[in-house]
Amino acid sequence: GTGLHGKFVARGKKFWGTCADSALLNNAANAAVIRAEFGQLTPENSMKWDSIEPSRGSFSFSGADTLVNWAVSNGKLIRGHTLVWHSQLPNWVEQINDRNTLWDVVNEILNEDGSLRSSVFSRVLGESFVTIAFNAARAADSTAKLFINDYNLDSNNAKTQGMVSLVRRINASGRIIDGIGTQMHLSANGAGGAQAALTALASTGLPVEITELDIAGASSNDYVTVLRACLNTAACEAITSWGVRDTDSWRANTNPLLFDSNYRPKAAYNALIAAL
Ligand code: G3I
């Protein structure tokens, strides 16, 4: 195939995706780039708890449905994002303080030293919330691949080692967690540890996916370094860019993505295509 996704798949990988939500899918120029270049969609915000259940028992799936319908009709894979995260929580969840109320895969649960982050989930349930969340997700969809996702897993640092230990501990009694997501929100010249990180995460025996790739002030070399690290790691199955064009990025002022404000491919895009 052609395009980033097509060429990446031709190298034996599963997909190269991006994130979006209703507004960007209804933007014809943006949608055209997604159709041509990307094979998977992550909802940037519409499946977060504050979007889906803003007040207790009152659900709103319209944003999530828009993304799923667009992905299905355009033949794109979907990564649900994110079931349990300490951020973008509705107030009513923040205020829960008894363990019978909490239920239910998990995002950004580690501190930089590899320990468990304090959140309403860890305070009420301890580490058990991780297994509870994964079991609930499994019960809801036995075919989905369930990932644990985090940021700053960009070298073989304490947080990466904490992730490896946590996954090994939780999966000691069976396959609870199916894979590890490393977000990879990098900075210029910050891709040097990517290979070591992927190798460490892969030592768990699980697939590893780069789930939110963007690089502030990226040079072509930064992007190609990440690509090579993934190509060089059998367990690294997929990459998702965290957006299409710089203008729409959460870090817009750092020009971290592969397309410019006019949807023109940037030098880093061309370097990736050449490396593929
Ligand atoms: O929808 C409201 C709108 O009604 C309101 O008028 C406007 C005013 O601020 O805010 C809108 O919500 C914003 C939302 O994006 C949708 O645009 C939130 O303020 C804003 O905080 C939110 O930012 C998102 C951020 O997660 C939230 O923490 C970014 O778009 C999204 O790219 C970012 O993505 C996260 C991943 O989910 C997890 N990993 C880190 C990554 C970067 O923070």
# chains A, B, ... in the order shown; residues from 1 in each chain; ligands from 1
>>> residues_around(residues="Ala188 of chain A", least_positions_apart="2", cutoff="9 Å", atoms="only C-alpha atoms", output="PDB file with C-alpha atoms, in the first residue's frame")
ATOM      1  CA  LEU A 186       8.665  13.435  22.904  1.00  0.00           C
ATOM      2  CA  GLY A 190      14.430  13.062  22.882  1.00  0.00           C
ATOM      3  CA  ALA A 191      14.099   9.845  20.909  1.00  0.00           C
ATOM      4  CA  ILE A 215       7.572  15.269  18.975  1.00  0.00           C
ATOM      5  CA  ALA A 216       7.834  18.928  19.953  1.00  0.00           C
ATOM      6  CA  GLY A 217      10.177  20.736  17.573  1.00  0.00           C
ATOM      7  CA  ALA A 218      10.878  17.445  15.815  1.00  0.00           C
ATOM      8  CA  SER A 219      13.603  16.996  13.253  1.00  0.00           C
ATOM      9  CA  ASP A 222      13.774  12.258  15.675  1.00  0.00           C
TER      10      ASP A 222
END
>>> residues_near_ligand(ligand="ligand 1", cutoff="7 Å", atoms="only C-alpha atoms and all ligand atoms", output="PyMOL selection string")
chain A and resi 44-45+87-88+151+183+212+249-250
>>> closest_residue(among="A:Glu37, A:Asp98, A:Glu209, A:Asp113", to="Thr233 of chain A", atoms="only C-alpha atoms")
A:Glu209
>>> closest_residue(among="A:Ala268, A:Ala202, A:Ala238, A:Ile177", to="Leu77 of chain A", atoms="only C-alpha atoms")
A:Ala238
>>> select_by_dssp(residues="segment 200-249 of chain A", states="helix (DSSP H, G or I)", output="JSON, numbers by chain")
{"A": [200, 201, 202, 220, 221, 222, 223, 224, 225, 226, 227, 228, 229, 230, 231, 246, 247, 248]}
>>> decode(residues="segment 109-132 of chain A", atoms="N, CA and C atoms", output="tab-separated table (two decimals), in the first residue's frame")
chain	number	residue	atom	x	y	z
A	109	ILE	N	-1.19	5.61	35.33
A	109	ILE	CA	-1.39	5.29	36.75
A	109	ILE	C	-0.09	5.26	37.54
A	110	LEU	N	1.06	5.51	36.86
A	110	LEU	CA	2.35	5.43	37.56
A	110	LEU	C	2.96	6.81	37.77
A	111	ASN	N	3.64	6.95	38.92
A	111	ASN	CA	4.49	8.10	39.16
A	111	ASN	C	5.82	7.91	38.41
A	112	GLU	N	6.63	8.98	38.37
A	112	GLU	CA	7.91	8.91	37.65
A	112	GLU	C	8.87	7.89	38.28
A	113	ASP	N	8.73	7.61	39.57
A	113	ASP	CA	9.62	6.63	40.20
A	113	ASP	C	9.10	5.20	40.04
A	114	GLY	N	8.00	5.05	39.31
A	114	GLY	CA	7.49	3.70	39.03
A	114	GLY	C	6.44	3.23	40.02
A	115	SER	N	6.17	4.02	41.06
A	115	SER	CA	5.15	3.63	42.03
A	115	SER	C	3.76	4.02	41.52
A	116	LEU	N	2.74	3.56	42.23
A	116	LEU	CA	1.36	3.80	41.80
A	116	LEU	C	0.94	5.23	42.14
A	117	ARG	N	0.40	5.95	41.16
A	117	ARG	CA	-0.05	7.33	41.36
A	117	ARG	C	-1.24	7.36	42.31
A	118	SER	N	-1.31	8.39	43.13
A	118	SER	CA	-2.47	8.59	43.98
A	118	SER	C	-3.62	9.11	43.12
A	119	SER	N	-4.76	8.46	43.19
A	119	SER	CA	-5.96	8.89	42.46
A	119	SER	C	-7.16	8.36	43.23
A	120	VAL	N	-8.34	8.77	42.83
A	120	VAL	CA	-9.53	8.24	43.48
A	120	VAL	C	-9.53	6.71	43.40
A	121	PHE	N	-8.97	6.18	42.31
A	121	PHE	CA	-8.97	4.72	42.13
A	121	PHE	C	-8.01	4.04	43.11
A	122	SER	N	-6.77	4.50	43.14
A	122	SER	CA	-5.79	3.85	44.02
A	122	SER	C	-6.11	4.11	45.49
A	123	ARG	N	-6.66	5.29	45.81
A	123	ARG	CA	-6.98	5.58	47.21
A	123	ARG	C	-8.09	4.67	47.72
A	124	VAL	N	-9.08	4.43	46.88
A	124	VAL	CA	-10.23	3.65	47.34
A	124	VAL	C	-9.97	2.15	47.23
A	125	LEU	N	-9.25	1.75	46.21
A	125	LEU	CA	-9.15	0.31	45.91
A	125	LEU	C	-7.74	-0.26	45.96
A	126	GLY	N	-6.71	0.57	46.17
A	126	GLY	CA	-5.34	0.07	46.06
A	126	GLY	C	-5.09	-0.40	44.63
A	127	GLU	N	-4.02	-1.20	44.47
A	127	GLU	CA	-3.64	-1.66	43.12
A	127	GLU	C	-4.71	-2.54	42.48
A	128	SER	N	-5.64	-3.03	43.29
A	128	SER	CA	-6.64	-3.96	42.74
A	128	SER	C	-7.49	-3.31	41.66
A	129	PHE	N	-7.55	-1.94	41.64
A	129	PHE	CA	-8.40	-1.31	40.62
A	129	PHE	C	-7.93	-1.67	39.21
A	130	VAL	N	-6.65	-1.99	39.07
A	130	VAL	CA	-6.13	-2.31	37.73
A	130	VAL	C	-6.77	-3.61	37.23
A	131	THR	N	-6.72	-4.62	38.07
A	131	THR	CA	-7.30	-5.91	37.69
A	131	THR	C	-8.82	-5.79	37.53
A	132	ILE	N	-9.45	-5.05	38.42
A	132	ILE	CA	-10.91	-4.85	38.33
A	132	ILE	C	-11.27	-4.21	36.99
